[in-house]
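Trainee: Here you go, this is protein09.cif (mmCIF, C-alpha atoms).
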data_query
loop_
_atom_site.label_atom_id
_atom_site.label_comp_id
_atom_site.auth_asym_id
_atom_site.auth_seq_id
_atom_site.Cartn_x
_atom_site.Cartn_y
_atom_site.Cartn_z
CA MET A 1 -184.16 -202.22 48.56
CA MET A 2 -185.23 -199.25 46.54
CA ALA A 3 -183.42 -195.96 46.53
CA ASP A 4 -183.80 -193.38 49.28
CA GLY A 5 -187.18 -191.68 49.11
CA ALA A 6 -188.91 -194.38 47.07
CA PHE A 7 -192.21 -195.85 48.20
CA PHE A 8 -192.83 -199.59 48.10
CA ALA A 9 -196.47 -199.23 49.24
CA PRO A 10 -198.80 -196.29 49.86
CA GLY A 11 -197.85 -194.59 53.10
CA TRP A 12 -194.53 -196.42 53.54
CA ARG A 13 -191.21 -194.83 52.80
CA ASN A 14 -188.21 -197.00 52.00
CA VAL A 15 -184.86 -195.50 53.02
CA GLN A 16 -181.67 -197.32 52.14
CA VAL A 17 -178.67 -196.46 54.31
CA GLY A 18 -175.11 -196.76 53.09
CA SER A 19 -173.40 -197.37 56.42
CA TRP A 20 -174.02 -198.08 60.10
CA SER A 21 -173.26 -194.46 61.00
CA ASP A 22 -175.91 -193.33 58.52
CA ALA A 23 -178.41 -195.69 60.13
CA VAL A 24 -177.60 -194.37 63.62
CA GLU A 25 -177.94 -190.78 62.46
CA LEU A 26 -181.33 -191.54 60.92
CA ALA A 27 -182.49 -193.30 64.08
CA ARG A 28 -181.55 -190.28 66.19
CA ARG A 29 -184.09 -188.23 64.27
CA LEU A 30 -186.88 -190.72 64.95
CA ASP A 31 -187.63 -189.70 68.51
CA ARG A 32 -190.58 -191.54 70.13
CA TRP A 33 -190.87 -193.94 67.22
CA VAL A 34 -191.01 -197.72 67.62
CA PHE A 35 -189.01 -200.24 65.60
CA ARG A 36 -189.12 -203.82 64.37
CA GLY A 37 -186.20 -205.66 62.82
CA GLN A 38 -186.76 -208.27 60.09
CA ARG A 39 -184.04 -210.19 58.31
CA LYS A 40 -185.84 -209.93 54.98
CA ALA A 41 -187.03 -206.56 53.74
CA SER A 42 -189.43 -208.32 51.38
CA ARG A 43 -191.48 -209.74 54.27
CA SER A 44 -194.58 -207.79 55.17
CA LEU A 45 -195.65 -206.89 58.69
CA GLU A 46 -197.64 -209.88 59.87
CA SER A 47 -198.67 -211.19 63.28
CA SER A 48 -197.80 -214.76 64.24
CA LEU A 49 -201.52 -215.54 64.41
CA ARG A 50 -202.06 -214.47 60.81
CA ARG A 51 -198.89 -216.20 59.61
CA GLU A 52 -199.71 -219.53 61.26
CA ALA A 53 -203.28 -219.36 59.96
CA THR A 54 -202.04 -218.79 56.41
CA ASN A 55 -199.59 -221.70 56.68
CA ALA A 56 -202.37 -223.96 57.99
CA GLY A 57 -204.86 -222.90 55.33
CA VAL A 58 -207.18 -221.30 57.89
CA GLU A 59 -209.45 -218.57 56.56
CA ALA A 60 -208.90 -215.09 58.04
CA SER A 61 -212.58 -214.92 58.96
CA GLU A 62 -212.02 -217.77 61.44
CA LEU A 63 -209.26 -216.02 63.40
CA PRO A 64 -211.43 -214.13 65.96
CA ALA A 65 -213.17 -217.35 67.02
CA PHE A 66 -209.85 -219.19 67.21
CA GLU A 67 -208.33 -216.44 69.35
CA ARG A 68 -211.24 -216.54 71.78
CA VAL A 69 -210.84 -220.30 72.20
CA VAL A 70 -207.11 -219.94 72.91
CA LEU A 71 -207.65 -217.17 75.47
CA HIS A 72 -210.48 -219.06 77.12
CA ASP A 73 -208.34 -222.19 77.37
CA LEU A 74 -205.46 -220.23 78.92
CA ARG A 75 -207.75 -218.66 81.48
CA ARG A 76 -209.29 -222.05 82.28
CA ARG A 77 -205.98 -223.86 82.74
CA GLY A 78 -203.82 -220.99 83.96
CA LEU A 79 -204.48 -221.38 87.68
CA THR A 80 -203.09 -224.91 87.62
CA GLN A 81 -199.89 -223.45 86.17
CA GLY A 82 -199.57 -220.86 88.91
CA ILE A 83 -200.64 -217.87 86.80
CA PRO A 84 -202.25 -215.20 89.03
CA MET A 85 -205.99 -214.71 88.62
CA ASP A 86 -205.71 -210.96 88.03
CA LEU A 87 -203.43 -211.64 85.05
CA LEU A 88 -205.78 -214.28 83.68
CA ASN A 89 -208.65 -211.79 83.88
CA ASP A 90 -206.74 -209.35 81.66
CA PRO A 91 -206.93 -210.54 78.03
CA PHE A 92 -204.06 -208.32 76.91
CA GLN A 93 -201.76 -209.73 79.60
CA CYS A 94 -202.86 -213.20 78.49
CA MET A 95 -201.93 -212.40 74.89
CA ALA A 96 -198.54 -211.07 76.00
CA LEU A 97 -197.95 -214.27 77.99
CA LEU A 98 -198.83 -216.43 74.99
CA GLN A 99 -196.54 -214.33 72.79
CA HIS A 100 -193.69 -214.74 75.28
CA HIS A 101 -193.98 -218.52 75.06
CA GLY A 102 -194.02 -218.55 71.26
CA LEU A 103 -197.73 -219.15 70.69
CA PRO A 104 -199.53 -217.31 67.86
CA THR A 105 -201.27 -214.06 68.81
CA ARG A 106 -202.42 -210.86 67.17
CA LEU A 107 -199.53 -209.00 68.84
CA LEU A 108 -196.63 -207.80 66.71
CA ASP A 109 -193.32 -207.33 68.54
CA PHE A 110 -191.80 -203.86 68.37
CA THR A 111 -189.20 -202.09 70.49
CA HIS A 112 -188.47 -198.52 71.56
CA SER A 113 -184.81 -199.15 70.71
CA PHE A 114 -183.50 -198.87 67.18
CA TYR A 115 -180.42 -200.85 68.24
CA VAL A 116 -182.48 -203.80 69.48
CA ALA A 117 -184.44 -203.83 66.21
CA ALA A 118 -181.23 -203.64 64.18
CA HIS A 119 -179.82 -206.58 66.13
CA PHE A 120 -182.81 -208.77 65.28
CA ALA A 121 -182.75 -207.60 61.67
CA CYS A 122 -179.13 -208.67 61.22
CA TRP A 123 -178.88 -211.57 63.67
CA GLU A 124 -180.24 -214.28 61.38
CA ALA A 125 -179.82 -212.49 58.08
CA ARG A 126 -177.94 -214.37 55.39
CA SER A 127 -175.53 -212.81 52.95
CA SER A 128 -178.23 -212.92 50.26
CA ASP A 129 -180.80 -211.16 52.48
CA THR A 130 -181.54 -207.46 52.64
CA ALA A 131 -182.39 -206.84 56.28
CA ALA A 132 -184.83 -204.12 57.26
CA VAL A 133 -185.87 -202.12 60.29
CA TRP A 134 -189.48 -200.98 60.24
CA ALA A 135 -190.11 -197.67 62.00
CA ILE A 136 -193.49 -196.24 62.98
CA ASN A 137 -194.26 -192.93 64.64
CA ALA A 138 -195.91 -194.17 67.84
CA VAL A 139 -197.24 -190.74 68.83
CA GLU A 140 -199.05 -190.18 65.55
CA LEU A 141 -200.26 -193.77 65.53
CA GLN A 142 -201.89 -193.38 68.95
CA GLU A 143 -203.44 -190.06 68.02
CA GLU A 144 -204.93 -191.46 64.82
CA ALA A 145 -206.19 -194.62 66.52
CA SER A 146 -207.72 -192.60 69.36
CA SER A 147 -209.56 -190.39 66.90
CA ARG A 148 -211.03 -193.40 65.10
CA LEU A 149 -211.91 -195.78 67.94
CA THR A 150 -214.74 -195.22 70.39
CA CYS A 151 -212.73 -197.04 73.07
CA SER A 152 -209.49 -195.09 73.28
CA PRO A 153 -206.28 -197.15 72.96
CA ARG A 154 -204.90 -195.09 75.85
CA ARG A 155 -207.16 -197.19 78.09
CA PHE A 156 -205.79 -200.48 76.88
CA GLN A 157 -204.02 -201.12 80.19
CA SER A 158 -207.43 -201.53 81.86
CA SER A 159 -208.75 -205.09 82.02
CA ASP A 160 -212.19 -204.19 80.65
CA PHE A 161 -210.90 -202.56 77.45
CA TYR A 162 -210.65 -205.82 75.51
CA GLU A 163 -214.26 -206.71 76.19
CA GLU A 164 -215.45 -203.23 75.23
CA LEU A 165 -213.47 -203.16 72.01
CA TRP A 166 -213.95 -206.71 70.69
CA VAL A 167 -217.28 -207.68 72.22
CA ALA A 168 -219.41 -204.61 72.84
CA ALA A 169 -218.21 -202.61 69.84
CA GLY A 170 -218.28 -205.54 67.45
CA ASP A 171 -218.17 -204.78 63.75
CA THR A 172 -219.35 -201.21 64.26
CA GLU A 173 -215.89 -200.20 65.47
CA PRO A 174 -213.53 -199.16 62.63
CA ASN A 175 -210.30 -201.03 62.08
CA ALA A 176 -207.15 -199.51 63.54
CA VAL A 177 -203.70 -200.35 64.91
CA TRP A 178 -202.23 -199.01 68.12
CA GLN A 179 -199.32 -199.51 70.47
CA ALA A 180 -199.67 -201.11 73.90
CA THR A 181 -197.26 -202.38 76.55
CA PRO A 182 -198.27 -204.83 79.30
CA PHE A 183 -198.23 -203.47 82.84
CA ARG A 184 -196.51 -206.69 83.92
CA MET A 185 -193.42 -206.99 81.76
CA ASN A 186 -191.42 -210.19 81.63
CA GLU A 187 -187.64 -210.01 81.71
CA ARG A 188 -187.23 -210.36 77.95
CA LEU A 189 -189.70 -207.58 77.20
CA ALA A 190 -188.04 -205.28 79.74
CA LEU A 191 -184.48 -205.92 78.53
CA GLN A 192 -185.46 -205.42 74.89
CA GLN A 193 -187.46 -202.25 75.65
CA GLY A 194 -190.30 -204.10 74.02
CA THR A 195 -193.81 -203.05 73.20
CA PHE A 196 -196.54 -204.36 70.90
CA LEU A 197 -198.57 -203.14 67.98
CA LEU A 198 -201.94 -204.77 67.56
CA GLN A 199 -204.88 -204.42 65.22
CA ARG A 200 -208.56 -204.43 66.07
CA ASP A 201 -209.63 -206.42 63.03
CA ILE A 202 -207.45 -209.50 62.66
CA THR A 203 -209.34 -210.61 59.57
CA ALA A 204 -207.52 -207.82 57.69
CA THR A 205 -203.79 -207.81 57.00
CA PHE A 206 -201.63 -205.82 59.36
CA GLU A 207 -200.54 -203.39 56.68
CA GLU A 208 -204.15 -202.82 55.60
CA SER A 209 -204.95 -202.01 59.22
CA ILE A 210 -202.04 -199.56 59.51
CA LEU A 211 -203.08 -197.76 56.35
CA ASN A 212 -206.67 -197.63 57.55
CA THR A 213 -205.53 -196.07 60.83
CA PHE A 214 -203.89 -193.24 58.93
CA GLU A 215 -206.76 -193.18 56.41
CA ILE A 216 -204.42 -193.91 53.51
CA SER A 217 -206.07 -195.61 50.56
#
Could you write out this structure as structure tokens?
Mentor:
Amino acid sequence: MMADGAFFAPGWRNVQVGSWSDAVELARRLDRWVFRGQRKASRSLESSLRREATNAGVEASELPAFERVVLHDLRRRGLTQGIPMDLLNDPFQCMALLQHHGLPTRLLDFTHSFYVAAHFACWEARSSDTAAVWAINAVELQEEASSRLTCSPRRFQSSDFYEELWVAAGDTEPNAVWQATPFRMNERLALQQGTFLLQRDITATFEESILNTFEIS
């Protein structure tokens, strides 16, 4: 990693800590931020949907149609698996359910706990890896996203928000990233103090979407 204060991309600050106590002290100053641990600092922020598409040679432009098919199939088959109808009628809850079972979605796992993120960063890291914990100011992210989107991210818990944002708004809605947590949390999400970041335009990279949210070129 680069030295403290260096920037590895516009809008991102790379801070290298010398010890665990230094990391804890830094985390204490990041109140109301959200975190994501990755075992390789060189890996970019990328949703499982985007990653699997890249590995399969699928064009980014095809991702929205693919996502709709997956959600439609879950809603069609979910009742036979005992999934409640009210959950199936909420696309965000459906995405969270797919994510929980390891299927590709636009959701990117984050946590409110620095310690949980640090665990995942170091858990599978090899001696040759430089692990990293990504940290994003959730308050500023929501404020910026709310100012840019017609359909406020603060309403994302409502079941009609998905349709408004991805169907009604269409391509006229600017790209942005925001934080959202399902109303129905599974045990893993609750124990890990988990939440999600998600982007409106999944044809763009996640980092492009973050920078666009903060209007950083």
Trainee: Just say which residues the PyMOL selection byres ((chain A and resi 199) around 10) picks in this file, as number ranges by chain.
Mentor: A: 47, 106-108, 145, 175-179, 197-198, 200-210, 213
Trainee: Let me make sure I understand: among A:His119, A:Arg68, A:Asp90, A:Phe110, which one has the smallest atom-to-atom distance to A:Leu45 if we use all atoms listed in the file?
Mentor: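 Counting all atoms listed in the file, the residue closest to A:Leu45 is A:Phe110.
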Trainee: Take atom CA of A:Ser61 and atom CA of A:Asn212 and report the distance between them in Å, one decimal.
Mentor: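 Separating atom CA of A:Ser61 from atom CA of A:Asn212 is a distance of 18.3 Å.
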Trainee: Looking at A:Ala117, A:Phe214, A:Ala180, A:Ala27, which one is nearest to A:Ala131, with distances taken over all atoms listed in the file?
Mentor: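 With all atoms listed in the file as the atom set, the closest residue is A:Ala117.
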Trainee: Give me, please, the distance in Å between atom CA of A:Arg36 and atom CA of A:Ile136, quoted to one decimal.
Mentor: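 Separation of atom CA of A:Arg36 and atom CA of A:Ile136: 8.9 Å.
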Trainee: Give me, please, the distance in Å between atom CA of A:Ile216 and atom CA of A:Glu62, quoted to one decimal.
Mentor: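 Computing the Euclidean distance for atom CA of A:Ile216 and atom CA of A:Glu62 yields 26.3 Å.
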Trainee: Between A:Val133, A:Leu103, A:Ala138, A:Cys122, which has the minimum distance to A:Glu52 (counting all atoms listed in the file)?
Mentor: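 Closest candidate: A:Leu103.
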Trainee: I'd like the neighbourhood of A:Cys94 as a short mmCIF file (atom, residue, chain, number, x, y, z; two decimals) with C-alpha atoms, in the coordinates of the input, where a residue qualifies if any of its atoms comes within 7 Å (using all atoms listed in the file), though same-chain residues fewer than 6 positions away should be ignored.
Mentor:
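See result.cif below for the written result:
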data_model
loop_
_atom_site.label_atom_id
_atom_site.label_comp_id
_atom_site.auth_asym_id
_atom_site.auth_seq_id
_atom_site.Cartn_x
_atom_site.Cartn_y
_atom_site.Cartn_z
CA LEU A 71 -207.65 -217.17 75.47
CA LEU A 87 -203.43 -211.64 85.05
CA LEU A 88 -205.78 -214.28 83.68
#
Trainee: Go through A:Thr130, A:Thr181, A:Ser147, A:Asn14 and flag the residue nearest A:His112, using all atoms listed in the file for the distances.
Mentor: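 Counting all atoms listed in the file, the residue closest to A:His112 is A:Thr181.
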Trainee: Which residues fall under the PyMOL selection byres ((chain A and resi 93) around 10) in this file, as a list of chain:residue names?
Mentor: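 Selected by the PyMOL selection byres ((chain A and resi 93) around 10) in this file: A:Asp86, A:Leu87, A:Leu88, A:Asn89, A:Asp90, A:Pro91, A:Phe92, A:Cys94, A:Met95, A:Ala96, A:Leu97, A:Leu98, A:Gln99, A:Gln157, A:Ser159, A:Thr181, A:Pro182, A:Phe183, A:Arg184, A:Met185.
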